[in-house]
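Source file structure_28.csv; content: CSV, C-alpha atoms.
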```
chain,number,residue,atom,x,y,z
A,119,MET,CA,-158.8,149.3,-74.6
A,120,LYS,CA,-155.1,149.9,-74.1
A,121,ARG,CA,-154.9,146.9,-71.7
A,122,VAL,CA,-156.7,144.6,-74.2
A,123,LEU,CA,-154.2,145.7,-77.0
A,124,LYS,CA,-151.3,145.1,-74.7
A,125,PHE,CA,-152.6,141.6,-73.8
A,126,PHE,CA,-153.0,140.6,-77.5
A,127,LEU,CA,-149.5,142.1,-78.3
A,128,ASN,CA,-148.0,139.9,-75.5
A,129,VAL,CA,-149.8,136.8,-76.8
A,130,GLY,CA,-148.6,137.6,-80.3
A,131,ILE,CA,-145.0,138.0,-79.1
A,132,TYR,CA,-145.1,134.7,-77.2
A,133,ALA,CA,-146.7,132.9,-80.1
A,134,ALA,CA,-144.0,134.2,-82.5
A,135,ILE,CA,-141.3,133.0,-80.1
A,136,VAL,CA,-142.8,129.5,-79.9
A,137,VAL,CA,-143.4,129.2,-83.7
A,138,GLY,CA,-139.9,130.5,-84.3
A,139,MET,CA,-138.4,127.9,-82.0
A,140,LEU,CA,-140.5,125.1,-83.4
A,141,PHE,CA,-139.7,125.8,-87.1
A,142,GLY,CA,-136.4,127.7,-86.7
A,143,LEU,CA,-134.5,125.3,-84.4
A,144,PRO,CA,-134.6,122.2,-86.7
A,145,ARG,CA,-133.6,124.4,-89.6
A,146,PHE,CA,-130.7,125.9,-87.6
A,147,LEU,CA,-129.6,122.5,-86.5
A,148,SER,CA,-129.8,121.1,-90.1
A,149,TRP,CA,-127.5,124.0,-91.2
A,150,TYR,CA,-125.1,123.7,-88.3
A,151,LEU,CA,-124.8,119.9,-88.2
A,152,GLU,CA,-124.8,119.7,-92.1
A,153,THR,CA,-127.5,117.0,-92.3
A,154,PRO,CA,-131.2,117.1,-93.2
A,155,TYR,CA,-131.9,114.9,-90.1
A,156,PRO,CA,-130.3,116.7,-87.2
A,157,MET,CA,-132.2,114.9,-84.4
A,158,ALA,CA,-133.4,111.3,-83.8
A,159,ALA,CA,-135.2,109.6,-81.0
A,160,ILE,CA,-134.0,106.2,-79.8
A,161,THR,CA,-136.9,103.8,-80.0
A,162,SER,CA,-135.2,100.6,-78.9
A,163,GLY,CA,-132.7,99.3,-76.4
A,164,SER,CA,-130.3,98.0,-79.0
A,165,MET,CA,-127.6,100.5,-78.1
A,166,TRP,CA,-127.9,100.2,-74.3
A,167,PRO,CA,-126.2,101.4,-72.2
A,168,VAL,CA,-124.6,104.1,-74.4
A,169,LEU,CA,-128.0,105.2,-75.8
A,170,ASN,CA,-131.2,104.5,-73.9
A,171,GLU,CA,-134.7,104.2,-75.2
A,172,GLY,CA,-136.4,107.6,-75.1
A,173,ASP,CA,-133.1,109.5,-75.6
A,174,LEU,CA,-133.0,112.3,-78.2
A,175,VAL,CA,-129.7,112.4,-80.0
A,176,PHE,CA,-128.1,114.9,-82.3
A,177,ILE,CA,-126.9,113.8,-85.7
A,178,GLU,CA,-124.1,115.4,-87.7
A,179,GLY,CA,-123.4,114.9,-91.4
A,180,VAL,CA,-120.4,112.8,-92.2
A,181,LYS,CA,-118.4,112.2,-95.3
A,182,ARG,CA,-117.6,108.7,-96.4
A,183,ASP,CA,-113.9,109.1,-95.7
A,184,ASP,CA,-114.5,110.4,-92.2
A,185,ILE,CA,-116.4,107.4,-90.9
A,186,LYS,CA,-114.3,105.4,-88.5
A,187,MET,CA,-114.7,102.1,-86.7
A,188,GLY,CA,-116.6,102.6,-83.5
A,189,ASP,CA,-118.6,105.5,-84.7
A,190,ILE,CA,-122.3,105.4,-84.1
A,191,VAL,CA,-123.9,106.0,-87.4
A,192,VAL,CA,-127.5,106.6,-88.6
A,193,TRP,CA,-128.5,104.8,-91.8
A,194,ARG,CA,-131.6,104.7,-93.8
A,195,ASN,CA,-133.6,101.5,-94.4
A,196,PRO,CA,-137.1,100.6,-95.7
A,197,GLN,CA,-138.5,100.6,-92.1
A,198,GLY,CA,-137.0,104.0,-91.2
A,199,PHE,CA,-133.6,104.7,-89.6
A,200,THR,CA,-131.2,102.6,-87.6
A,201,ILE,CA,-128.6,104.0,-85.2
A,202,HIS,CA,-125.9,101.4,-84.6
A,203,ARG,CA,-122.1,101.2,-84.1
A,204,VAL,CA,-119.7,100.6,-87.1
A,205,VAL,CA,-117.9,97.3,-86.6
A,206,ARG,CA,-116.4,96.9,-90.1
A,207,LEU,CA,-115.6,99.1,-93.0
A,208,ASP,CA,-115.5,97.5,-96.4
A,209,ALA,CA,-114.8,99.0,-99.9
A,210,ASP,CA,-118.5,99.6,-100.9
A,211,THR,CA,-120.3,98.9,-97.7
A,212,LEU,CA,-120.0,99.2,-93.9
A,213,VAL,CA,-121.3,96.8,-91.3
A,214,THR,CA,-123.0,97.9,-88.0
A,215,LYS,CA,-124.1,96.3,-84.9
A,216,GLY,CA,-126.2,97.4,-81.9
A,217,ASP,CA,-124.1,97.2,-78.7
A,218,ALA,CA,-126.8,95.2,-77.0
A,219,ASN,CA,-127.4,92.9,-80.0
A,220,PHE,CA,-125.7,89.5,-80.5
A,221,THR,CA,-125.7,89.7,-84.3
A,222,GLU,CA,-124.4,92.2,-86.9
A,223,ASP,CA,-126.7,94.0,-89.3
A,224,LYS,CA,-126.6,93.4,-93.0
A,225,PRO,CA,-124.0,95.4,-94.9
A,226,VAL,CA,-125.1,99.0,-95.5
A,227,ALA,CA,-124.2,101.1,-98.6
A,228,TYR,CA,-122.3,104.3,-97.8
A,229,SER,CA,-125.0,106.3,-99.6
A,230,ASP,CA,-127.6,105.2,-97.0
A,231,VAL,CA,-125.6,106.6,-94.2
A,232,VAL,CA,-127.3,109.8,-93.0
A,233,GLY,CA,-124.8,110.9,-90.4
A,234,ARG,CA,-123.2,110.0,-87.1
A,235,THR,CA,-124.0,111.0,-83.5
A,236,ALA,CA,-122.7,114.4,-82.6
A,237,LYS,CA,-120.3,114.6,-79.7
A,238,VAL,CA,-119.9,117.2,-77.0
A,239,PHE,CA,-116.7,116.9,-74.9
A,240,GLY,CA,-116.2,113.4,-76.3
A,241,SER,CA,-119.6,112.1,-75.3
A,242,ASN,CA,-122.6,111.5,-77.4
A,243,ALA,CA,-124.9,114.6,-77.4
A,244,ARG,CA,-128.2,113.3,-76.1
A,245,LEU,CA,-131.2,114.5,-74.2
A,246,PRO,CA,-132.6,111.7,-71.9
A,247,TYR,CA,-136.4,111.3,-72.1
A,248,PHE,CA,-136.9,114.0,-74.8
A,249,GLY,CA,-137.7,111.3,-77.4
A,250,MET,CA,-140.4,109.6,-75.3
A,251,VAL,CA,-143.2,111.0,-77.4
A,252,THR,CA,-141.7,109.4,-80.5
A,253,VAL,CA,-141.2,106.1,-78.6
A,254,TYR,CA,-144.8,106.2,-77.5
A,255,ALA,CA,-146.1,107.0,-81.0
A,256,SER,CA,-144.0,104.2,-82.5
A,257,LYS,CA,-145.5,101.6,-80.2
A,258,ARG,CA,-149.2,102.6,-80.7
B,2,MET,CA,-178.7,159.3,-26.8
B,3,GLU,CA,-175.2,160.3,-25.8
B,4,GLU,CA,-174.5,156.9,-24.3
B,5,VAL,CA,-175.5,155.2,-27.6
B,6,GLN,CA,-173.1,157.4,-29.5
B,7,ASN,CA,-170.3,156.7,-27.1
B,8,LEU,CA,-170.8,153.0,-27.5
B,9,ASP,CA,-170.7,153.3,-31.3
B,10,SER,CA,-167.5,155.2,-31.3
B,11,GLN,CA,-166.0,152.6,-28.9
B,12,GLU,CA,-166.9,149.8,-31.3
B,13,LYS,CA,-165.5,151.5,-34.4
B,14,LYS,CA,-162.1,152.2,-32.8
B,15,SER,CA,-160.3,148.9,-32.3
B,16,SER,CA,-156.8,148.8,-30.9
B,17,PRO,CA,-153.8,147.8,-33.1
B,18,ALA,CA,-153.4,144.7,-31.1
B,19,GLU,CA,-157.0,143.6,-31.8
B,20,ALA,CA,-156.6,144.4,-35.5
B,21,SER,CA,-153.4,142.4,-35.6
B,22,ALA,CA,-155.2,139.5,-34.0
B,23,LYS,CA,-158.0,139.6,-36.6
B,24,ALA,CA,-155.5,139.7,-39.5
B,25,GLY,CA,-154.4,136.4,-41.0
B,26,TRP,CA,-150.9,135.0,-40.8
B,27,TRP,CA,-150.0,136.1,-44.3
B,28,GLU,CA,-151.2,139.7,-43.6
B,29,ARG,CA,-149.3,139.9,-40.3
B,30,LYS,CA,-146.1,138.7,-42.0
B,31,THR,CA,-146.2,140.8,-45.2
B,32,GLY,CA,-148.5,143.7,-44.2
B,33,GLU,CA,-150.7,143.0,-47.3
B,34,LYS,CA,-154.0,141.3,-47.7
B,35,LEU,CA,-154.3,138.3,-50.0
B,36,LYS,CA,-156.4,138.9,-53.1
B,37,ARG,CA,-159.2,136.6,-53.9
B,38,SER,CA,-157.3,135.2,-56.9
B,39,GLU,CA,-154.3,134.5,-54.8
B,40,LYS,CA,-156.5,132.7,-52.2
B,41,ILE,CA,-158.0,130.5,-55.0
B,42,ALA,CA,-154.5,129.8,-56.4
B,43,GLY,CA,-153.3,128.9,-53.0
B,44,ILE,CA,-156.1,126.4,-52.3
B,45,ILE,CA,-155.6,124.8,-55.8
B,46,PHE,CA,-151.9,124.4,-55.1
B,47,LEU,CA,-152.6,122.9,-51.6
B,48,VAL,CA,-155.1,120.4,-53.1
B,49,VAL,CA,-152.6,119.4,-55.9
B,50,PHE,CA,-149.8,119.1,-53.4
B,51,LEU,CA,-151.9,116.9,-51.0
B,52,LEU,CA,-153.0,114.7,-54.0
B,53,VAL,CA,-149.4,114.2,-55.2
B,54,PHE,CA,-148.3,113.6,-51.6
B,55,TYR,CA,-151.0,110.9,-51.1
B,56,VAL,CA,-150.3,109.2,-54.4
B,57,THR,CA,-146.6,109.1,-53.8
B,58,LEU,CA,-147.1,107.7,-50.3
B,59,ASP,CA,-149.7,105.2,-51.5
B,60,ALA,CA,-147.5,103.9,-54.4
B,61,ASN,CA,-146.2,100.3,-54.2
B,62,LYS,CA,-142.4,100.5,-54.2
B,63,TYR,CA,-140.2,97.6,-55.2
B,64,GLY,CA,-136.4,97.3,-55.3
B,65,ALA,CA,-135.4,95.6,-58.6
B,66,VAL,CA,-132.1,93.8,-59.0
B,67,VAL,CA,-130.4,91.5,-61.5
B,68,ARG,CA,-126.8,90.2,-61.8
B,69,ALA,CA,-125.1,89.6,-65.2
B,70,ILE,CA,-123.1,86.3,-65.1
B,71,GLU,CA,-120.7,84.5,-67.4
B,72,GLY,CA,-121.8,81.7,-69.7
B,73,GLU,CA,-124.8,81.0,-72.0
B,74,GLY,CA,-128.3,80.2,-71.1
B,75,LYS,CA,-127.7,80.4,-67.4
B,76,VAL,CA,-130.6,81.6,-65.1
B,77,GLY,CA,-130.3,81.7,-61.3
B,78,ILE,CA,-133.7,82.1,-59.8
B,79,ASN,CA,-134.3,83.9,-56.6
B,80,PRO,CA,-137.8,83.2,-55.4
B,81,THR,CA,-138.3,86.2,-53.1
B,82,THR,CA,-141.7,87.9,-53.6
B,83,GLU,CA,-140.9,91.0,-51.6
B,84,ARG,CA,-138.9,92.7,-54.3
B,85,LEU,CA,-138.3,92.3,-58.0
B,86,ASP,CA,-135.3,90.1,-57.8
B,87,PHE,CA,-134.4,88.7,-61.2
B,88,GLY,CA,-131.5,86.6,-59.8
B,89,ASP,CA,-128.5,85.9,-62.0
B,90,LEU,CA,-128.8,86.0,-65.8
B,91,SER,CA,-126.2,85.2,-68.5
B,92,ARG,CA,-126.2,87.3,-71.6
B,93,GLY,CA,-129.1,86.5,-73.9
B,94,THR,CA,-131.4,85.1,-71.2
B,95,SER,CA,-134.4,86.7,-69.6
B,96,ALA,CA,-136.5,86.3,-66.4
B,97,VAL,CA,-140.0,87.4,-65.6
B,98,ARG,CA,-141.4,88.6,-62.3
B,99,THR,CA,-145.1,89.5,-61.6
B,100,VAL,CA,-146.7,92.0,-59.4
B,101,THR,CA,-150.5,92.0,-58.8
B,102,VAL,CA,-152.4,95.2,-58.5
B,103,LYS,CA,-155.9,95.1,-57.1
B,104,ASN,CA,-158.5,97.9,-56.6
B,105,ASP,CA,-160.4,97.3,-53.3
B,106,THR,CA,-161.9,100.7,-53.3
B,107,PRO,CA,-165.1,101.9,-54.9
B,108,MET,CA,-163.2,104.5,-57.0
B,109,PRO,CA,-161.4,103.7,-60.2
B,110,PHE,CA,-157.7,104.0,-60.2
B,111,PHE,CA,-155.3,105.0,-63.0
B,112,VAL,CA,-152.3,102.8,-62.7
B,113,THR,CA,-148.9,103.9,-64.0
B,114,VAL,CA,-145.6,102.2,-63.5
B,115,VAL,CA,-142.3,104.2,-63.3
B,116,ARG,CA,-139.0,102.4,-63.5
B,117,MET,CA,-135.8,104.1,-62.3
B,118,GLY,CA,-132.1,103.3,-62.0
B,119,GLU,CA,-129.8,101.4,-64.3
B,120,ILE,CA,-132.2,98.3,-64.5
B,121,ARG,CA,-134.7,100.5,-66.3
B,122,GLY,CA,-133.1,99.9,-69.7
B,123,LEU,CA,-133.2,96.2,-69.2
B,124,THR,CA,-136.8,95.9,-68.1
B,125,LYS,CA,-139.8,95.5,-70.5
B,126,MET,CA,-143.4,95.7,-69.5
B,127,GLU,CA,-146.4,94.3,-71.3
B,128,LYS,CA,-148.9,96.8,-69.9
B,129,ASN,CA,-148.6,100.2,-68.4
B,130,ASN,CA,-150.9,103.3,-68.0
B,131,PHE,CA,-154.3,101.7,-67.6
B,132,VAL,CA,-157.5,102.2,-65.5
B,133,LEU,CA,-158.4,99.7,-62.8
B,134,HIS,CA,-162.1,99.7,-61.9
B,135,LYS,CA,-163.7,98.7,-58.6
B,136,GLY,CA,-162.8,95.1,-57.6
B,137,GLU,CA,-160.6,94.5,-60.7
B,138,GLU,CA,-157.2,92.9,-60.5
B,139,GLN,CA,-154.3,93.0,-63.0
B,140,GLN,CA,-151.0,91.3,-63.2
B,141,LEU,CA,-148.0,93.3,-64.2
B,142,ASN,CA,-145.3,91.2,-65.9
B,143,PHE,CA,-141.8,92.6,-65.7
B,144,THR,CA,-139.3,91.0,-68.0
B,145,VAL,CA,-135.6,91.6,-67.7
B,146,TYR,CA,-133.5,90.6,-70.8
B,147,MET,CA,-129.7,90.5,-70.4
B,148,PRO,CA,-128.2,92.1,-73.6
B,149,ALA,CA,-124.8,91.4,-75.2
B,150,SER,CA,-123.5,94.7,-73.8
B,151,ALA,CA,-124.1,93.8,-70.1
B,152,GLU,CA,-121.1,93.9,-67.9
B,153,ILE,CA,-120.3,90.5,-66.4
B,154,ASP,CA,-120.6,90.3,-62.5
B,155,HIS,CA,-122.2,93.7,-62.4
B,156,ILE,CA,-125.3,94.0,-60.3
B,157,TYR,CA,-127.9,96.2,-62.0
B,158,LYS,CA,-130.2,97.8,-59.5
B,159,GLY,CA,-133.2,100.1,-59.7
B,160,ARG,CA,-136.6,100.9,-58.2
B,161,VAL,CA,-140.1,100.3,-59.6
B,162,PHE,CA,-143.0,102.5,-58.5
B,163,VAL,CA,-146.6,101.4,-59.1
B,164,PHE,CA,-148.6,104.6,-58.7
B,165,LYS,CA,-152.4,104.4,-58.2
B,166,ILE,CA,-154.0,107.8,-59.0
B,167,PRO,CA,-157.7,108.2,-58.1
B,168,ALA,CA,-159.6,108.6,-61.4
B,169,PRO,CA,-163.3,109.2,-60.5
B,170,PHE,CA,-164.3,110.2,-64.0
B,171,PHE,CA,-163.1,107.0,-65.7
```

Would you mind giving the structure from this file in structure tokens?
Amino acid sequence: MKRVLKFFLNVGIYAAIVVGMLFGLPRFLSWYLETPYPMAAITSGSMWPVLNEGDLVFIEGVKRDDIKMGDIVVWRNPQGFTIHRVVRLDADTLVTKGDANFTEDKPVAYSDVVGRTAKVFGSNARLPYFGMVTVYASKR
Amino acid sequence: MEEVQNLDSQEKKSSPAEASAKAGWWERKTGEKLKRSEKIAGIIFLVVFLLVFYVTLDANKYGAVVRAIEGEGKVGINPTTERLDFGDLSRGTSAVRTVTVKNDTPMPFFVTVVRMGEIRGLTKMEKNNFVLHKGEEQQLNFTVYMPASAEIDHIYKGRVFVFKIPAPFF
């Protein structure tokens, strides 16, 4: 009886840790990075070779005045989100372009910018292959 | 009667050398017998290891290479069939190479393609992760597109592995 109780207690502890990680980590990252969307999967090769398809990148909240030329920003659009580099800053809008693309995107309102890629030691914080599930799901 | 008893006692008492000879390799090394669950886990591990070893050895392996060149709309074709050589491509152009996979065995195969190296991000595939039944043949088209961010005169290399995993239940 004691062994059975111990087994269920262990299972309960492991389940609590997993659930805590699944629900707690995104909330913690949202708080720490000051954005409601702290993580994003790269689903296309438009930012190759800086960001590859299947990468999971971390997004940090950014104020309008802090956005600089060359930043990789995330902006909201009717199809979802786009992660491209800022090539021009205008008064009411900014213009982005994927590094691998030949053409610029349409101007984006500052209010549609969700954030920019978080950096660690000067490089974009990304986890290769961690976004593959999202890539696979987006192509089904 | 005495003789029989003597024989019995001789049979029961085996020397340490004989006992050591009877014991398995693991028991001789560690001094402990393997439990049944450990033996089962060991056999499962061995079977999985052999399967992975066979699939890796049996995989078709191709070297993939492409060079980014200056200009617009330029495509230099290299007709070799031994490897996935996409030749020279200027930015904005693409090239296609084909690999044929055939199943000559009575057992279905699950085919999965893995691309590695810096050419991985440039390569697109129409079809991946599918079952190939007995006698079936499939063509795998690999398309390399040279993006705007490609470095001129850089040779992008990589490897393409076509794994054929036995899938008897498909």

Discussion item. Please find the residues of chain B near chain A - the criterion being any atom within 6 Å, counting all atoms listed in the file - and write them as a list in words.
Written reply: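 My answer is Pro148, Ala149 and Ser150 of chain B.
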
Item to complete: Just the residues within 8 Å of Lys62 (chain B), please, counting all atoms listed in the file, with nothing from its chain fewer than 5 positions along; format it as a ChimeraX atom specification.
Response: /B:160-163

Fill in: Selected residue of minimal separation from Asp89 (chain B) among B:Ile166, B:Val102, B:Leu51, B:Ile70, counting only C-alpha atoms
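Of B:Ile166, B:Val102, B:Leu51, B:Ile70, the one nearest Asp89 (chain B) is B:Ile70, counting only C-alpha atoms.
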
For Arg182 (chain A), list every protein, DNA or RNA residue within 12 Å, evaluated using all atoms listed in the file, and leave out those in the same chain fewer than 6 positions away; present the list as a CSV table (one decimal) with C-alpha atoms, in the frame of the given file.
```csv
chain,number,residue,atom,x,y,z
A,191,VAL,CA,-123.9,106.0,-87.4
A,207,LEU,CA,-115.6,99.1,-93.0
A,208,ASP,CA,-115.5,97.5,-96.4
A,209,ALA,CA,-114.8,99.0,-99.9
A,210,ASP,CA,-118.5,99.6,-100.9
A,211,THR,CA,-120.3,98.9,-97.7
A,212,LEU,CA,-120.0,99.2,-93.9
A,227,ALA,CA,-124.2,101.1,-98.6
A,228,TYR,CA,-122.3,104.3,-97.8
A,229,SER,CA,-125.0,106.3,-99.6
A,230,ASP,CA,-127.6,105.2,-97.0
A,231,VAL,CA,-125.6,106.6,-94.2
A,232,VAL,CA,-127.3,109.8,-93.0
A,233,GLY,CA,-124.8,110.9,-90.4
A,234,ARG,CA,-123.2,110.0,-87.1
```

Worksheet entry | Between CA of Ala69 (chain B) and CA of Ile156 (chain B) - distance in Å to one decimal | 6.6 Å

Fill in: Point-to-point distance in Å for CA of Thr235 (chain A) and CA of Val115 (chain B)
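Going from CA of Val115 (chain B) over to CA of Thr235 (chain A), I get 28.1 Å.
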
Discussion item. If we count only C-alpha atoms and set the cut-off at 12 Å, which residues sit around region 249-257 of chain A, ignoring sequence neighbours fewer than 5 positions away in its own chain? Please answer as JSON, numbers by chain.
Written reply: {"A": [157, 158, 159, 160, 161, 162, 163, 169, 170, 171, 172, 173, 174, 175, 176, 197, 198, 244], "B": [127, 128, 129, 130]}

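Computed from the coordinates, the CA of Phe239 (chain A) to CA of Leu151 (chain A) distance equals 15.9 Å.
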
Discussion item. Report as a list in words all protein, DNA and RNA residues lying within 8 Å of Ile190 (chain A), evaluated on all atoms listed in the file, omitting residues in the same chain fewer than 2 positions from it.
Written reply: Gly188, Val192, Ile201, His202, Arg203, Val204, Arg234 and Thr235 of chain A

List the neighbours of Gly136 (chain B) out to 9 Å using all atoms listed in the file; skip same-chain residues closer than 4 positions along the sequence, and give me the result as a compact mmCIF listing (two decimals) with C-alpha atoms, in the frame of the given file.
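Just written: around.txt:
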```txt
# COMPACT_ATOMS: atom_id res chain seq x y z
CA LYS B 103 -155.90 95.10 -57.10
CA ASN B 104 -158.50 97.90 -56.60
CA ASP B 105 -160.40 97.30 -53.30
CA THR B 106 -161.90 100.70 -53.30
CA PRO B 107 -165.10 101.90 -54.90
```
